[in-house]
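A.B. asks: Dropping in my_file11.json, which is JSON, C-alpha atoms and all ligand atoms:
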```
[["chain", "number", "residue", "atom", "x", "y", "z"],
["T", 49, "MET", "CA", 78.57, 101.12, 265.08],
["T", 50, "ALA", "CA", 78.02, 98.27, 262.57],
["T", 51, "GLU", "CA", 75.72, 95.46, 263.69],
["T", 52, "PRO", "CA", 77.81, 92.50, 265.01],
["T", 53, "LEU", "CA", 78.09, 89.49, 262.68],
["T", 54, "ILE", "CA", 76.68, 87.26, 265.42],
["T", 55, "SER", "CA", 74.01, 89.25, 267.25],
["T", 56, "ASN", "CA", 72.80, 86.29, 269.34],
["T", 57, "VAL", "CA", 73.40, 82.57, 269.70],
["T", 58, "SER", "CA", 70.79, 81.72, 267.05],
["T", 59, "ASP", "CA", 72.99, 83.33, 264.38],
["T", 60, "THR", "CA", 75.43, 80.44, 264.90],
["T", 61, "ALA", "CA", 72.83, 78.20, 263.23],
["T", 62, "ARG", "CA", 73.32, 80.18, 259.99],
["T", 63, "TRP", "CA", 77.08, 79.67, 260.29],
["T", 64, "VAL", "CA", 76.86, 75.85, 260.33],
["T", 65, "ALA", "CA", 74.23, 75.82, 257.57],
["T", 66, "VAL", "CA", 76.86, 77.40, 255.29],
["T", 67, "TYR", "CA", 79.12, 74.38, 255.65],
["T", 68, "ARG", "CA", 76.28, 72.01, 254.84],
["T", 69, "ALA", "CA", 75.60, 74.07, 251.70],
["T", 70, "TRP", "CA", 79.28, 73.93, 250.68],
["T", 71, "GLU", "CA", 79.50, 70.19, 251.23],
["T", 72, "SER", "CA", 76.26, 69.64, 249.29],
["T", 73, "ALA", "CA", 77.78, 71.38, 246.26],
["T", 74, "ARG", "CA", 80.69, 68.92, 246.04],
["T", 75, "PRO", "CA", 80.48, 66.08, 243.53],
["T", 76, "ASP", "CA", 81.68, 63.70, 246.26],
["T", 77, "ALA", "CA", 79.41, 65.14, 248.97],
["T", 78, "LEU", "CA", 79.15, 63.16, 252.21],
["T", 79, "PHE", "CA", 75.51, 64.32, 252.42],
["T", 80, "ARG", "CA", 73.24, 66.55, 250.39],
["T", 81, "ASP", "CA", 71.26, 69.33, 252.03],
["T", 82, "PRO", "CA", 69.64, 71.26, 249.18],
["T", 83, "LEU", "CA", 67.91, 73.68, 251.58],
["T", 84, "ALA", "CA", 71.07, 74.70, 253.46],
["T", 85, "ASP", "CA", 72.12, 77.54, 251.16],
["T", 86, "ARG", "CA", 68.71, 79.24, 251.45],
["T", 87, "LEU", "CA", 68.72, 78.85, 255.22],
["T", 88, "ALA", "CA", 72.31, 80.08, 255.72],
["T", 89, "GLY", "CA", 71.73, 83.35, 253.89],
["T", 90, "GLU", "CA", 74.10, 86.30, 253.55],
["T", 91, "ARG", "CA", 74.71, 86.58, 257.26],
["T", 92, "GLY", "CA", 75.71, 82.93, 257.53],
["T", 93, "ARG", "CA", 78.21, 83.35, 254.69],
["T", 94, "ALA", "CA", 79.68, 86.46, 256.33],
["T", 95, "ILE", "CA", 80.16, 84.62, 259.63],
["T", 96, "ALA", "CA", 81.82, 81.64, 257.87],
["T", 97, "ALA", "CA", 84.21, 84.04, 256.13],
["T", 98, "ALA", "CA", 85.37, 85.30, 259.54],
["T", 99, "ALA", "CA", 86.19, 81.82, 260.91],
["T", 100, "PRO", "CA", 89.78, 80.93, 261.88],
["T", 101, "LYS", "CA", 91.76, 79.60, 258.93],
["T", 102, "GLN", "CA", 92.30, 76.13, 260.47],
["T", 103, "ALA", "CA", 88.54, 75.57, 260.22],
["T", 104, "ARG", "CA", 87.53, 77.94, 257.44],
["T", 105, "SER", "CA", 86.58, 75.09, 255.09],
["T", 106, "GLY", "CA", 84.15, 73.89, 257.75],
["T", 107, "TRP", "CA", 85.68, 70.39, 257.89],
["T", 108, "PRO", "CA", 84.87, 69.84, 261.60],
["T", 109, "MET", "CA", 81.18, 70.74, 261.17],
["T", 110, "ILE", "CA", 80.86, 68.84, 257.89],
["T", 111, "THR", "CA", 82.36, 65.77, 259.52],
["T", 112, "ARG", "CA", 80.15, 66.21, 262.58],
["T", 113, "THR", "CA", 77.05, 66.29, 260.36],
["T", 114, "LYS", "CA", 78.02, 63.10, 258.58],
["T", 115, "LEU", "CA", 78.90, 61.28, 261.81],
["T", 116, "ILE", "CA", 75.55, 62.27, 263.34],
["T", 117, "ASP", "CA", 73.65, 61.26, 260.18],
["T", 118, "ASP", "CA", 75.22, 57.81, 260.50],
["T", 119, "LEU", "CA", 74.47, 57.50, 264.22],
["T", 120, "ILE", "CA", 70.84, 58.48, 263.59],
["T", 121, "ALA", "CA", 70.58, 55.72, 260.97],
["T", 122, "GLN", "CA", 72.13, 53.29, 263.44],
["T", 123, "SER", "CA", 69.69, 54.30, 266.18],
["T", 124, "LEU", "CA", 66.74, 53.83, 263.81],
["T", 125, "ALA", "CA", 68.06, 50.38, 262.88],
["T", 126, "GLU", "CA", 68.21, 49.62, 266.62],
["T", 127, "GLY", "CA", 64.54, 50.49, 267.13],
["T", 128, "CYS", "CA", 64.51, 54.24, 267.80],
["T", 129, "ASP", "CA", 60.85, 55.32, 267.88],
["T", 130, "ARG", "CA", 61.23, 59.11, 268.17],
["T", 131, "VAL", "CA", 63.81, 61.80, 267.50],
["T", 132, "VAL", "CA", 63.96, 64.95, 269.62],
["T", 133, "ASN", "CA", 66.42, 67.49, 268.23],
["T", 134, "LEU", "CA", 67.19, 70.12, 270.88],
["T", 135, "ALA", "CA", 68.50, 73.42, 269.45],
["T", 136, "ALA", "CA", 67.77, 72.14, 265.96],
["T", 137, "GLY", "CA", 68.65, 75.50, 264.41],
["T", 138, "LEU", "CA", 68.51, 75.31, 260.62],
["T", 139, "ASP", "CA", 69.04, 71.56, 260.49],
["T", 140, "THR", "CA", 66.97, 69.90, 257.75],
["T", 141, "ARG", "CA", 67.46, 66.21, 258.46],
["T", 142, "PRO", "CA", 63.68, 65.51, 258.45],
["T", 143, "TYR", "CA", 63.71, 66.70, 254.79],
["T", 144, "ARG", "CA", 66.85, 64.98, 253.59],
["T", 145, "LEU", "CA", 67.41, 61.69, 255.47],
["T", 146, "ASP", "CA", 65.87, 58.39, 254.52],
["T", 147, "LEU", "CA", 63.34, 58.16, 257.38],
["T", 148, "PRO", "CA", 60.23, 56.08, 258.02],
["T", 149, "ALA", "CA", 57.17, 58.21, 257.19],
["T", 150, "SER", "CA", 55.66, 57.15, 260.53],
["T", 151, "LEU", "CA", 58.58, 58.48, 262.59],
["T", 152, "THR", "CA", 57.81, 61.43, 264.89],
["T", 153, "TRP", "CA", 60.62, 64.01, 264.85],
["T", 154, "ILE", "CA", 60.37, 66.97, 267.22],
["T", 155, "GLU", "CA", 62.57, 70.05, 266.97],
["T", 156, "ALA", "CA", 63.04, 72.66, 269.68],
["T", 157, "ASP", "CA", 64.80, 76.01, 269.50],
["T", 158, "LEU", "CA", 64.36, 79.62, 270.60],
["T", 159, "PRO", "CA", 61.22, 81.36, 269.30],
["T", 160, "GLY", "CA", 62.99, 83.67, 266.81],
["T", 161, "MET", "CA", 64.84, 80.75, 265.21],
["T", 162, "ILE", "CA", 61.70, 78.63, 264.84],
["T", 163, "ASP", "CA", 59.73, 81.56, 263.39],
["T", 164, "GLU", "CA", 62.38, 82.18, 260.78],
["T", 165, "LYS", "CA", 62.83, 78.51, 259.93],
["T", 166, "GLU", "CA", 59.10, 78.02, 259.43],
["T", 167, "ARG", "CA", 59.01, 81.05, 257.14],
["T", 168, "LEU", "CA", 62.01, 79.88, 255.08],
["T", 169, "LEU", "CA", 60.78, 76.29, 254.79],
["T", 170, "ALA", "CA", 57.12, 77.03, 254.09],
["T", 171, "GLY", "CA", 56.06, 74.81, 251.20],
["T", 172, "GLU", "CA", 58.74, 72.14, 251.81],
["T", 173, "THR", "CA", 57.59, 68.65, 252.79],
["T", 174, "PRO", "CA", 59.41, 66.64, 255.46],
["T", 175, "ARG", "CA", 59.78, 62.87, 255.05],
["T", 176, "CYS", "CA", 58.39, 62.05, 258.49],
["T", 177, "ARG", "CA", 56.01, 63.56, 261.06],
["T", 178, "LEU", "CA", 57.78, 66.77, 262.00],
["T", 179, "THR", "CA", 56.72, 69.22, 264.72],
["T", 180, "ARG", "CA", 58.53, 72.21, 266.19],
["T", 181, "GLU", "CA", 58.39, 73.92, 269.55],
["T", 182, "ARG", "CA", 59.61, 77.29, 270.74],
["T", 183, "VAL", "CA", 61.52, 76.57, 273.95],
["T", 184, "ASP", "CA", 64.27, 78.31, 275.88],
["T", 185, "LEU", "CA", 66.28, 75.23, 276.84],
["T", 186, "SER", "CA", 68.15, 77.15, 279.53],
["T", 187, "ASP", "CA", 64.86, 77.62, 281.40],
["T", 188, "ALA", "CA", 64.75, 74.47, 283.56],
["T", 189, "ALA", "CA", 60.97, 74.47, 284.04],
["T", 190, "ALA", "CA", 60.21, 75.13, 280.37],
["T", 191, "ARG", "CA", 62.71, 72.46, 279.32],
["T", 192, "ALA", "CA", 61.27, 69.83, 281.67],
["T", 193, "ALA", "CA", 57.72, 70.56, 280.51],
["T", 194, "PHE", "CA", 58.84, 70.34, 276.88],
["T", 195, "LEU", "CA", 60.61, 67.01, 277.48],
["T", 196, "ASP", "CA", 57.49, 65.64, 279.18],
["T", 197, "ARG", "CA", 55.48, 66.47, 276.06],
["T", 198, "ALA", "CA", 58.13, 65.48, 273.53],
["T", 199, "LEU", "CA", 58.88, 62.08, 275.06],
["T", 200, "ALA", "CA", 55.31, 61.09, 275.97],
["T", 201, "GLY", "CA", 54.47, 57.74, 274.40],
["T", 202, "ALA", "CA", 58.04, 57.03, 273.22],
["T", 203, "SER", "CA", 60.07, 54.11, 274.56],
["T", 204, "LYS", "CA", 63.34, 54.34, 272.61],
["T", 205, "ALA", "CA", 63.79, 58.00, 271.83],
["T", 206, "LEU", "CA", 66.95, 59.56, 270.46],
["T", 207, "VAL", "CA", 67.81, 63.05, 271.67],
["T", 208, "ILE", "CA", 70.23, 65.15, 269.64],
["T", 209, "THR", "CA", 72.05, 68.28, 270.78],
["T", 210, "GLU", "CA", 74.31, 69.17, 267.85],
["T", 211, "GLY", "CA", 76.29, 72.35, 268.37],
["T", 212, "LEU", "CA", 74.38, 73.35, 271.51],
["T", 213, "LEU", "CA", 76.44, 72.29, 274.55],
["T", 214, "ILE", "CA", 79.45, 74.45, 273.66],
["T", 215, "TYR", "CA", 77.29, 77.55, 274.27],
["T", 216, "LEU", "CA", 76.25, 76.37, 277.76],
["T", 217, "ASP", "CA", 78.26, 76.35, 280.97],
["T", 218, "ASP", "CA", 79.13, 73.19, 282.94],
["T", 219, "GLU", "CA", 76.21, 73.58, 285.32],
["T", 220, "GLN", "CA", 73.70, 74.03, 282.49],
["T", 221, "VAL", "CA", 75.04, 70.94, 280.70],
["T", 222, "ARG", "CA", 74.93, 68.93, 283.94],
["T", 223, "ALA", "CA", 71.30, 69.99, 284.50],
["T", 224, "LEU", "CA", 70.38, 69.05, 280.94],
["T", 225, "ALA", "CA", 72.15, 65.67, 281.27],
["T", 226, "ARG", "CA", 70.15, 64.94, 284.45],
["T", 227, "ASP", "CA", 66.94, 66.10, 282.85],
["T", 228, "LEU", "CA", 67.41, 63.82, 279.86],
["T", 229, "ALA", "CA", 67.86, 60.80, 282.12],
["T", 230, "ARG", "CA", 64.30, 59.60, 281.55],
["T", 231, "PRO", "CA", 63.19, 56.06, 280.74],
["T", 232, "ALA", "CA", 61.87, 57.11, 277.32],
["T", 233, "ALA", "CA", 65.18, 58.66, 276.25],
["T", 234, "ARG", "CA", 67.41, 55.78, 275.20],
["T", 235, "TRP", "CA", 70.19, 57.61, 273.34],
["T", 236, "TRP", "CA", 71.68, 61.07, 273.31],
["T", 237, "ILE", "CA", 73.93, 62.22, 270.46],
["T", 238, "LEU", "CA", 76.09, 65.22, 271.25],
["T", 239, "ASP", "CA", 79.36, 66.81, 270.22],
["T", 240, "VAL", "CA", 82.05, 67.76, 272.68],
["T", 241, "THR", "CA", 85.14, 69.87, 272.15],
["T", 242, "SER", "CA", 88.31, 70.27, 274.21],
["T", 243, "ALA", "CA", 89.36, 73.55, 275.79],
["T", 244, "ALA", "CA", 92.30, 73.89, 273.36],
["T", 245, "ILE", "CA", 89.97, 73.94, 270.35],
["T", 246, "VAL", "CA", 87.44, 76.23, 272.04],
["T", 247, "ALA", "CA", 90.25, 78.67, 272.86],
["T", 248, "MET", "CA", 91.47, 78.55, 269.25],
["T", 249, "ILE", "CA", 88.01, 79.31, 267.85],
["T", 250, "GLN", "CA", 87.38, 82.07, 270.40],
["T", 251, "LYS", "CA", 90.72, 83.66, 269.54],
["T", 252, "GLY", "CA", 90.14, 83.34, 265.81],
["T", 253, "MET", "CA", 86.58, 84.74, 265.91],
["T", 254, "GLY", "CA", 87.51, 87.45, 268.41],
["T", 255, "LYS", "CA", 84.73, 89.92, 269.09],
["T", 256, "HIS", "CA", 82.37, 88.14, 266.67],
["T", 257, "LEU", "CA", 81.63, 85.64, 269.44],
["T", 258, "ASP", "CA", 80.96, 88.27, 272.13],
["T", 259, "ASN", "CA", 77.22, 87.62, 271.86],
["T", 260, "ALA", "CA", 77.56, 83.84, 271.76],
["T", 261, "PRO", "CA", 80.58, 82.92, 273.87],
["T", 262, "MET", "CA", 81.75, 79.30, 273.80],
["T", 263, "LYS", "CA", 81.94, 77.85, 277.31],
["T", 264, "PHE", "CA", 81.58, 74.09, 277.65],
["T", 265, "ALA", "CA", 84.88, 72.24, 277.20],
["T", 266, "PRO", "CA", 85.12, 69.57, 279.91],
["T", 267, "ARG", "CA", 88.65, 68.56, 280.90],
["T", 268, "ASP", "CA", 87.35, 65.04, 281.47],
["T", 269, "GLY", "CA", 85.68, 64.85, 278.02],
["T", 270, "VAL", "CA", 83.22, 61.98, 277.78],
["T", 271, "ALA", "CA", 83.68, 61.14, 281.49],
["T", 272, "PHE", "CA", 81.75, 64.35, 282.27],
["T", 273, "PHE", "CA", 78.60, 62.52, 281.12],
["T", 274, "GLU", "CA", 79.55, 59.12, 282.53],
["T", 275, "LYS", "CA", 79.73, 60.66, 286.00],
["T", 276, "ILE", "CA", 76.04, 61.58, 285.58],
["T", 277, "GLY", "CA", 75.09, 58.00, 284.71],
["T", 278, "TRP", "CA", 75.25, 58.02, 280.89],
["T", 279, "LYS", "CA", 77.19, 55.28, 279.11],
["T", 280, "ALA", "CA", 79.32, 56.22, 276.10],
["T", 281, "ARG", "CA", 78.14, 53.79, 273.45],
["T", 282, "ASP", "CA", 79.96, 55.39, 270.48],
["T", 283, "ILE", "CA", 82.83, 57.88, 270.57],
["T", 284, "ARG", "CA", 83.89, 59.14, 267.13],
["T", 285, "SER", "CA", 86.85, 61.48, 266.91],
["T", 286, "ILE", "CA", 85.96, 64.27, 264.48],
["T", 287, "TYR", "CA", 89.56, 64.71, 263.34],
["T", 288, "ARG", "CA", 90.06, 60.99, 262.72],
["T", 289, "ALA", "CA", 86.80, 60.74, 260.75],
["T", 290, "ALA", "CA", 87.66, 63.88, 258.77],
["T", 291, "VAL", "CA", 90.99, 62.34, 257.74],
["T", 292, "ARG", "CA", 89.10, 59.24, 256.60],
["T", 293, "PHE", "CA", 86.56, 61.38, 254.69],
["T", 294, "ARG", "CA", 89.42, 63.40, 253.14],
["T", 295, "ARG", "CA", 88.12, 66.70, 254.49],
["T", 296, "VAL", "CA", 91.14, 67.75, 256.59],
["T", 297, "PRO", "CA", 93.39, 70.44, 255.05],
["T", 298, "LEU", "CA", 96.66, 68.96, 253.78],
["T", 299, "VAL", "CA", 98.96, 70.41, 256.42],
["T", 300, "MET", "CA", 96.72, 69.21, 259.25],
["T", 301, "ARG", "CA", 96.73, 65.68, 257.89],
["T", 302, "LEU", "CA", 100.29, 65.33, 259.19],
["T", 303, "PHE", "CA", 98.96, 65.17, 262.76],
["T", 304, "ALA", "CA", 97.27, 61.85, 261.92],
["T", 305, "VAL", "CA", 100.51, 60.07, 262.89],
["T", 306, "PHE", "CA", 99.91, 60.99, 266.53],
["T", 307, "PRO", "CA", 97.60, 58.84, 268.65],
["T", 308, "ASP", "CA", 94.16, 60.24, 269.54],
["T", 309, "PRO", "CA", 93.92, 61.94, 272.94],
["T", 310, "ASP", "CA", 92.15, 59.97, 275.66],
["T", 311, "PRO", "CA", 88.44, 60.89, 275.22],
["T", 312, "ARG", "CA", 88.07, 60.79, 279.01],
["T", 313, "ASN", "CA", 91.05, 63.04, 279.58],
["T", 314, "PRO", "CA", 91.68, 65.28, 276.57],
["T", 315, "GLY", "CA", 93.27, 67.78, 278.96],
["T", 316, "LYS", "CA", 94.97, 70.50, 276.96],
["T", 317, "LYS", "CA", 95.06, 68.57, 273.68],
["T", 318, "PHE", "CA", 93.18, 69.33, 270.45],
["T", 319, "TRP", "CA", 90.23, 66.94, 270.51],
["T", 320, "SER", "CA", 86.58, 66.91, 269.54],
["T", 321, "ALA", "CA", 84.16, 64.07, 269.12],
["T", 322, "VAL", "CA", 80.64, 63.07, 268.29],
["T", 323, "VAL", "CA", 79.36, 60.82, 271.05],
["T", 324, "ARG", "CA", 76.29, 58.63, 271.30],
["T", 325, "LEU", "CA", 75.37, 58.11, 274.92],
["T", 326, "GLU", "CA", 72.99, 55.48, 276.18],
["T", 327, "ARG", "CA", 71.14, 55.05, 279.45],
["J", 1, "LIG", "C1", 75.46, 76.18, 266.44],
["J", 1, "LIG", "S1", 73.71, 76.24, 266.34],
["J", 1, "LIG", "C2", 73.38, 74.53, 266.01],
["J", 1, "LIG", "C3", 72.10, 74.33, 265.28],
["J", 1, "LIG", "C4", 71.86, 72.91, 264.75],
["J", 1, "LIG", "N1", 71.76, 71.96, 265.82],
["J", 1, "LIG", "C5", 72.93, 72.53, 263.78],
["J", 1, "LIG", "O1", 73.81, 71.75, 264.13],
["J", 1, "LIG", "O2", 72.90, 73.03, 262.66],
["J", 1, "LIG", "C6", 73.20, 76.46, 268.01],
["J", 1, "LIG", "C7", 71.69, 76.47, 268.17],
["J", 1, "LIG", "O3", 71.39, 76.47, 269.57],
["J", 1, "LIG", "C8", 70.21, 77.21, 269.74],
["J", 1, "LIG", "N2", 70.14, 77.58, 271.15],
["J", 1, "LIG", "C9", 71.12, 78.16, 271.88],
["J", 1, "LIG", "N3", 70.68, 78.39, 273.13],
["J", 1, "LIG", "C10", 69.41, 77.91, 273.18],
["J", 1, "LIG", "C11", 68.43, 77.87, 274.22],
["J", 1, "LIG", "N4", 68.66, 78.36, 275.42],
["J", 1, "LIG", "N5", 67.24, 77.32, 273.93],
["J", 1, "LIG", "C12", 66.98, 76.82, 272.68],
["J", 1, "LIG", "N6", 67.87, 76.83, 271.69],
["J", 1, "LIG", "C13", 69.07, 77.39, 271.93],
["J", 1, "LIG", "C14", 70.40, 78.39, 268.82],
["J", 1, "LIG", "O4", 69.21, 79.09, 268.56],
["J", 1, "LIG", "C15", 70.98, 77.69, 267.60],
["J", 1, "LIG", "O5", 69.96, 77.26, 266.73]]
```
Rewrite the structure of this file - the entire thing - as structure tokens.

C.D. replies:
Amino acid sequence: MAEPLISNVSDTARWVAVYRAWESARPDALFRDPLADRLAGERGRAIAAAAPKQARSGWPMITRTKLIDDLIAQSLAEGCDRVVNLAAGLDTRPYRLDLPASLTWIEADLPGMIDEKERLLAGETPRCRLTRERVDLSDAAARAAFLDRALAGASKALVITEGLLIYLDDEQVRALARDLARPAARWWILDVTSAAIVAMIQKGMGKHLDNAPMKFAPRDGVAFFEKIGWKARDIRSIYRAAVRFRRVPLVMRLFAVFPDPDPRNPGKKFWSAVVRLER
């Protein structure tokens, strides 16, 4: 039997890197990630080719990247003194964003992903102080010990989980949300997707997602995190931003006449957002 396109959850990092490479090649690019094409590789391109047609251009992930870039800049302007990127995958923001050289940026991901990233990026120079750790973030003890180390000495840290939560179940996300509620962690940027979109992607990808099933799609959207004590400081609808950035396919632009679903009750509607939470 042929090897599956996605053999484990870390392969999904190659998938999103493809979209960053495509966007970077546009003359009107919203961001430029010159390392993305190398990192995505053949496997990443094969996964992207299998994506459902509504999202084949990658507009949701491209928009998500841009929205998160902007919220990182905003957090830095508001005094952020550390960035901790959980499940950083093949993200290269420390190499491409305009960052203070003194900023400490810590990435965590599974050992295989970090090994490969370090090999592929050997010789590249980040713009800030970058370190990486091999951590299984679903292991509560390992995660807590990592957060102790990563947040030590910080007072206004920004935690990012881009593209991670969807692969966790509700209980794992709840545990992570409680674990991140530490005085040093001031902000948490995440993306959240409604059940209708998750079902559409799962259906479109079919068996390709068997080894990385998508799970987290809270019916109460942003309120899921508010119930754990986080405040939603910024809620940016991915669709709405994509319309503004002119990245939504023509036929889908027609839906812009409808009001956005309630971010605290997306229910069965199509909705996804980038959210910056604050303690
Ligand atoms: C869709 S990718 C997103 C990567 C990156 N944040 C981005 O947006 O390009 C999901 C990432 O989650 C990581 N991941 C999934 N489960 C994990 C776990 N238990 N511990 C650490 N990393 C995990 C995978 O290795 C992969 O890099």

A.B. asks: Name each residue within 7 Å of ligand LIG 1 (chain J), counting all atoms listed in the file, as a PyMOL selection string.

C.D. replies: chain T and resi 57-61+64-65+134-139+156-158+161+183-186+209-212+215

A.B. asks: Just the number, please: distance in Å from CA of Ala193 in chain T to CA of Ile120 in chain T, one decimal.

C.D. replies: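 Distance reported for this atom pair: 24.6 Å.
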
A.B. asks: Which value, in Å to one decimal, gives the distance between CA of Pro231 in chain T and CA of Glu155 in chain T?

C.D. replies: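 Those two atoms sit 19.6 Å apart.
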
A.B. asks: Hey, can you check how far CA of Asp268 in chain T sits from CA of Asp218 in chain T?

C.D. replies: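 Computing it gives 11.7 Å between the two atoms.
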
A.B. asks: List the neighbours of Arg80 in chain T out to 10 Å using all atoms listed in the file; skip same-chain residues closer than 6 positions along the sequence, and give me the result as a list of chain:residue names.

C.D. replies: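 Residues meeting the cut-off are T:Arg68, T:Ala69, T:Trp70, T:Glu71, T:Ser72, T:Ala73, T:Arg74, T:Arg141, T:Arg144, T:Leu145.
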
A.B. asks: With distances taken over all atoms listed in the file, which residue among T:Lys114, T:Arg222, T:His256, T:Arg288 lies nearest Pro52 in chain T?

C.D. replies: T:His256

A.B. asks: Using only C-alpha atoms, which of T:Val131, T:Ser105, T:Arg180, T:Phe303 sits nearest Val291 in chain T?

C.D. replies: T:Phe303

A.B. asks: What's the 9 Å shell around Val240 in chain T, counting all atoms listed in the file, without same-chain residues fewer than 6 positions away, as a ChimeraX atom specification?

C.D. replies: /T:211,213-214,264-266,269-270,319-323

A.B. asks: How about saving the chosen residues, C-alpha atoms kept, as a compact mmCIF listing (two decimals), keeping the file's coordinate frame?

C.D. replies:
```txt
# COMPACT_ATOMS: atom_id res chain seq x y z
CA GLY T 211 76.29 72.35 268.37
CA LEU T 213 76.44 72.29 274.55
CA ILE T 214 79.45 74.45 273.66
CA PHE T 264 81.58 74.09 277.65
CA ALA T 265 84.88 72.24 277.20
CA PRO T 266 85.12 69.57 279.91
CA GLY T 269 85.68 64.85 278.02
CA VAL T 270 83.22 61.98 277.78
CA TRP T 319 90.23 66.94 270.51
CA SER T 320 86.58 66.91 269.54
CA ALA T 321 84.16 64.07 269.12
CA VAL T 322 80.64 63.07 268.29
CA VAL T 323 79.36 60.82 271.05
```

A.B. asks: Mind running range 228-315 of chain T against range 98-103 of chain T at 10 Å and telling me each contacting residue's nearest atom pair with the distance in Å (one decimal), counting all atoms listed in the file, chain and number ascending, as a tab-separated table?

C.D. replies:
```
residue	atom	partner	partner_atom	distance
T:Met248	CA	T:Pro100	CA	7.9
T:Ile249	CA	T:Pro100	CA	6.4
T:Gln250	CA	T:Pro100	CA	8.9
T:Lys251	CA	T:Pro100	CA	8.2
T:Gly252	CA	T:Pro100	CA	4.6
T:Met253	CA	T:Ala99	CA	5.8
T:Gly254	CA	T:Ala98	CA	9.4
T:His256	CA	T:Ala98	CA	8.2
T:Val296	CA	T:Ala103	CA	9.0
T:Pro297	CA	T:Gln102	CA	7.9
T:Val299	CA	T:Gln102	CA	9.7
T:Met300	CA	T:Gln102	CA	8.3
```

A.B. asks: Nearest to Arg267 in chain T among T:Ala244, T:Ala84, T:Leu178, T:Ile283, with distances taken over only C-alpha atoms: which residue is it?

C.D. replies: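 Smallest distance to Arg267 in chain T is found for T:Ala244.
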
A.B. asks: For Asp146 in chain T, which of T:Cys176, T:Val132, T:Leu169, T:Ala225 is the closest residue, counting all atoms listed in the file?

C.D. replies: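 Answer, going by the shortest atom-to-atom distance: T:Cys176.
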